[in-house]
Amino acid sequence: MRIPELFRQPYPSTESPTREMRQAAIIGLFVGLFLLVFQPFGLSFWQTPDKPLKILGFGLVTFVITAFNFTVWPQLFPRQFADERWNVGRQIMLITGNILLIAIGNRLYLEWMLSQEGYKDYTSWLGMILVTFLLGLFPTTGAVVFNYIRKLRKYSQSAAGFPVYPPTPAEPANCTETISIPTPRREETPLTLVSDNEKDIITLDAAQLLYIESSDNYCTVVYQKDNQLVKPLLRSSLSRLEGQINRPRIVRCHRSYVVNLDRVERVTGNAQGYRLHLANGLVQVPVSRQYNESLVVELKAL
């Protein structure tokens with residue numbers, strides 16, 4: 001695989017805010033202890049009261065910057081950090097950008113500390129930031145690529161162990177109106193979905209449902225009717241519709257998707273996790289990492 005292609009490969013986006021905060025705390029603690037033990041950039045010549053605490057302040061600066069970059073930005077720009085947009089290149093850019101900001105933040109912290117004691121800092125701004133950035137760039141790139149390969153192998157090999165349900169022959173690929181969809185494998189039961197205003201209602205057999213996808217304040221309900229995929233919109237949150245379904249085989253698999261496990265034909269995997277294939281492989285539904293364990297049990301029981 002060429003380098004440009006590698007950078008475009010899917011990569012897991014940011015973790016939950018709690019986990020990101022924990023990782024930021026670990027990084028900050030590491031930086032603080034590293035500087036305390038080795039004291040580079042002339043810190044060994046710095047004579048000041050409470051020196052260990054002041055050096056550990058670099059770790060606090062690192063924690064604040066890292067926590068902000070990995071928790072606040074994804075909340076402010078969720079579309080940019082969505083799994084469908086996130087890839088190896090963006091992950092490397094995020095981490096290297098974080099390293100650069102840490103270098104600048106710690107340099108400002110050092111200058112402020114020295115100014116409080118009446119000292120002037122004669123060390124090079126550019127030299128300190130450049131050294132910090134370069135020291136972090138190559139390990140960061142290597143770590144991201146290694147993690148990509150590890151996760152890709154993990155999910156690809158695991159997905160190979162799932163059962164495969166061959167679909168019935170499909171119509172030509174350029175046919176967009178009508179397709180031949182596999183017959184549901186479960187008994188059909190009525191299912192009613194009601195919008196927020198309680199005026200728009202969709203009634204269908206539960207076995208006809210393929211998946212529901214949320215987008216902003218609307219949900220697209222995708223189901224089979226007379227060998228066609230029907231995709232009506234309902235103004236509703238996905239959580240609200242999920243509460244109306246109450247079927248053990250129709251479950252949340254992603255923050256934006258509810259899927260009918262009985263309509264899954266096969267499972268594949270990439271570095272972001274599993275992909276559920278439905279409707280003769282024309283549809284792929286992602287599985288978030290938080291749902292991996294529960295869905296693995298359900299899918300292997302199909």
# chains A, B, ... in the order shown; residues from 1 in each chain; ligands from 1
$ residues_around --residues "A:Leu110" --least-positions-apart "2" --cutoff "10 Å" --atoms "only C-alpha atoms" --output "VMD selection string"
chain A and resid 43 54 to 55 57 to 58 104 to 108 112 to 115 121
$ residues_around --residues "A:Gln244" --least-positions-apart "5" --cutoff "12 Å" --atoms "only C-alpha atoms" --output "CSV table (one decimal) with N, CA and C atoms, in the first residue's frame"
chain,number,residue,atom,x,y,z
A,190,PRO,N,-46.0,-7.0,13.6
A,190,PRO,CA,-46.3,-5.6,13.3
A,190,PRO,C,-45.3,-4.7,14.1
A,191,LEU,N,-44.9,-3.6,13.5
A,191,LEU,CA,-44.1,-2.6,14.2
A,191,LEU,C,-44.6,-1.2,13.8
A,192,THR,N,-44.8,-0.3,14.8
A,192,THR,CA,-45.3,1.0,14.5
A,192,THR,C,-44.3,2.0,15.0
A,193,LEU,N,-43.9,3.0,14.2
A,193,LEU,CA,-43.0,4.0,14.5
A,193,LEU,C,-43.7,5.4,14.4
A,194,VAL,N,-43.6,6.2,15.5
A,194,VAL,CA,-44.4,7.5,15.5
A,194,VAL,C,-43.4,8.6,15.7
A,195,SER,N,-43.6,9.7,14.9
A,195,SER,CA,-42.7,10.8,14.9
A,195,SER,C,-43.0,11.7,16.2
A,196,ASP,N,-42.1,12.7,16.3
A,196,ASP,CA,-42.3,13.6,17.5
A,196,ASP,C,-43.6,14.2,17.6
A,201,ILE,N,-46.8,8.5,11.0
A,201,ILE,CA,-46.7,7.2,11.5
A,201,ILE,C,-46.3,6.2,10.4
A,202,ILE,N,-45.4,5.3,10.7
A,202,ILE,CA,-45.0,4.3,9.8
A,202,ILE,C,-45.3,2.9,10.4
A,203,THR,N,-46.1,2.1,9.7
A,203,THR,CA,-46.4,0.8,10.2
A,203,THR,C,-45.9,-0.2,9.2
A,206,ALA,N,-42.0,-6.1,11.4
A,206,ALA,CA,-40.7,-6.0,12.0
A,206,ALA,C,-39.6,-6.7,11.1
A,236,SER,N,-37.7,12.7,14.4
A,236,SER,CA,-37.6,12.0,15.7
A,236,SER,C,-36.2,11.7,16.0
A,237,SER,N,-35.9,11.6,17.3
A,237,SER,CA,-34.5,11.2,17.7
A,237,SER,C,-34.5,9.7,17.5
A,238,LEU,N,-33.3,9.2,17.3
A,238,LEU,CA,-33.1,7.7,17.2
A,238,LEU,C,-33.4,7.0,18.5
A,239,SER,N,-33.1,7.6,19.6
A,239,SER,CA,-33.4,7.0,20.9
A,239,SER,C,-34.9,6.8,21.1
A,250,ILE,N,-33.6,-6.2,17.0
A,250,ILE,CA,-33.4,-4.9,16.4
A,250,ILE,C,-32.8,-4.0,17.4
A,251,VAL,N,-31.5,-3.7,17.2
A,251,VAL,CA,-30.7,-3.1,18.3
A,251,VAL,C,-29.9,-1.9,17.8
A,258,VAL,N,-29.7,2.1,14.1
A,258,VAL,CA,-30.3,0.9,14.7
A,258,VAL,C,-30.5,-0.1,13.6
$ select_by_dssp --residues "stretch 145-291 of chain A" --states "alpha helix (DSSP H)" --output "short mmCIF file (atom, residue, chain, number, x, y, z; two decimals) with N, CA and C atoms, in the first residue's frame"
data_model
loop_
_atom_site.label_atom_id
_atom_site.label_comp_id
_atom_site.auth_asym_id
_atom_site.auth_seq_id
_atom_site.Cartn_x
_atom_site.Cartn_y
_atom_site.Cartn_z
N VAL A 145 0.29 4.25 12.71
CA VAL A 145 0.32 3.21 11.68
C VAL A 145 0.29 1.82 12.31
N PHE A 146 1.04 1.64 13.38
CA PHE A 146 1.03 0.34 14.07
C PHE A 146 -0.37 0.03 14.62
N ASN A 147 -1.01 1.03 15.22
CA ASN A 147 -2.35 0.81 15.77
C ASN A 147 -3.35 0.52 14.67
N TYR A 148 -3.20 1.18 13.51
CA TYR A 148 -4.08 0.91 12.37
C TYR A 148 -3.95 -0.54 11.91
N ILE A 149 -2.72 -1.00 11.76
CA ILE A 149 -2.49 -2.38 11.31
C ILE A 149 -3.04 -3.38 12.33
N ARG A 150 -2.82 -3.09 13.62
CA ARG A 150 -3.29 -3.99 14.68
C ARG A 150 -4.81 -4.10 14.70
N LYS A 151 -5.50 -2.96 14.60
CA LYS A 151 -6.96 -2.98 14.63
C LYS A 151 -7.53 -3.57 13.36
N LEU A 152 -6.91 -3.28 12.22
CA LEU A 152 -7.38 -3.84 10.96
C LEU A 152 -7.29 -5.36 10.99
N ARG A 153 -6.18 -5.89 11.47
CA ARG A 153 -6.01 -7.33 11.57
C ARG A 153 -7.00 -7.93 12.56
N LYS A 154 -7.19 -7.26 13.68
CA LYS A 154 -8.10 -7.77 14.71
C LYS A 154 -9.52 -7.90 14.19
N TYR A 155 -10.06 -6.82 13.61
CA TYR A 155 -11.46 -6.85 13.17
C TYR A 155 -11.65 -7.67 11.90
N SER A 156 -10.66 -7.67 11.02
CA SER A 156 -10.78 -8.47 9.80
C SER A 156 -10.80 -9.96 10.12
N GLN A 157 -9.90 -10.38 10.98
CA GLN A 157 -9.85 -11.79 11.35
C GLN A 157 -11.07 -12.20 12.15
N SER A 158 -11.53 -11.33 13.05
CA SER A 158 -12.71 -11.65 13.83
C SER A 158 -13.95 -11.73 12.96
N ALA A 159 -14.07 -10.80 11.99
CA ALA A 159 -15.24 -10.80 11.11
C ALA A 159 -15.30 -12.05 10.25
N LEU A 238 -33.25 9.16 17.32
CA LEU A 238 -33.07 7.72 17.19
C LEU A 238 -33.40 7.01 18.50
N SER A 239 -33.08 7.61 19.61
CA SER A 239 -33.37 7.00 20.91
C SER A 239 -34.87 6.83 21.11
N ARG A 240 -35.64 7.81 20.66
CA ARG A 240 -37.10 7.72 20.80
C ARG A 240 -37.66 6.57 19.98
N LEU A 241 -37.20 6.42 18.73
CA LEU A 241 -37.67 5.32 17.90
C LEU A 241 -37.19 3.98 18.45
N GLU A 242 -35.98 3.96 18.96
CA GLU A 242 -35.46 2.72 19.55
C GLU A 242 -36.34 2.26 20.69
N GLY A 243 -36.85 3.19 21.49
CA GLY A 243 -37.74 2.84 22.58
C GLY A 243 -39.08 2.30 22.11
N GLN A 244 -39.49 2.68 20.89
CA GLN A 244 -40.76 2.21 20.35
C GLN A 244 -40.65 0.81 19.75
N ILE A 245 -39.44 0.39 19.41
CA ILE A 245 -39.27 -0.88 18.72
C ILE A 245 -39.44 -2.07 19.66
#
$ closest_residue --among "A:Gln224, A:Asn280, A:Asn87, A:Gln290" --to "A:Val144" --atoms "only C-alpha atoms"
A:Asn87
$ atom_distance --atom1 "atom CA of A:Leu56" --atom2 "atom CA of A:Gly42"
15.3 Å
$ atom_distance --atom1 "atom CA of A:Gln228" --atom2 "atom CA of A:Ala279"
9.8 Å
$ closest_atom_pairs --of "stretch 76-163 of chain A" --to "stretch 14-19 of chain A" --cutoff "10 Å" --atoms "only C-alpha atoms" --output "Markdown table"
| residue | atom | partner | partner_atom | distance |
| --- | --- | --- | --- | --- |
| A:Phe81 | CA | A:Thr14 | CA | 7.3 |
| A:Ala82 | CA | A:Thr14 | CA | 8.7 |
| A:Asp83 | CA | A:Thr14 | CA | 8.9 |
| A:Trp86 | CA | A:Thr14 | CA | 9.2 |
| A:Gln91 | CA | A:Thr14 | CA | 8.9 |
$ write_last_selection --atoms "N, CA and C atoms" --output "PDB file, in the first residue's frame"
ATOM      1  N   PHE A  81     -15.164  14.838  12.972  1.00  0.00           N
ATOM      2  CA  PHE A  81     -14.584  13.728  13.721  1.00  0.00           C
ATOM      3  C   PHE A  81     -15.400  12.444  13.593  1.00  0.00           C
ATOM      4  N   ALA A  82     -16.418  12.442  12.733  1.00  0.00           N
ATOM      5  CA  ALA A  82     -17.243  11.245  12.541  1.00  0.00           C
ATOM      6  C   ALA A  82     -16.418  10.130  11.913  1.00  0.00           C
ATOM      7  N   ASP A  83     -16.785   8.886  12.215  1.00  0.00           N
ATOM      8  CA  ASP A  83     -16.039   7.730  11.712  1.00  0.00           C
ATOM      9  C   ASP A  83     -15.927   7.728  10.198  1.00  0.00           C
ATOM     10  N   TRP A  86     -13.084  10.111   9.398  1.00  0.00           N
ATOM     11  CA  TRP A  86     -11.798  10.013  10.086  1.00  0.00           C
ATOM     12  C   TRP A  86     -10.906   8.971   9.436  1.00  0.00           C
ATOM     13  N   GLN A  91      -5.712  11.419  11.954  1.00  0.00           N
ATOM     14  CA  GLN A  91      -5.253  11.075  13.300  1.00  0.00           C
ATOM     15  C   GLN A  91      -3.824  11.554  13.534  1.00  0.00           C
TER      16      GLN A  91
END
$ residues_around --residues "A:Gln23" --least-positions-apart "5" --cutoff "9 Å" --atoms "only C-alpha atoms" --output "count of residues only"
5
$ atom_distance --atom1 "atom CA of A:Arg85" --atom2 "atom CA of A:Val259"
21.1 Å
$ closest_residue --among "A:Gln39, A:Ser288, A:Ser44, A:Thr96" --to "A:Cys253" --atoms "only C-alpha atoms"
A:Ser288
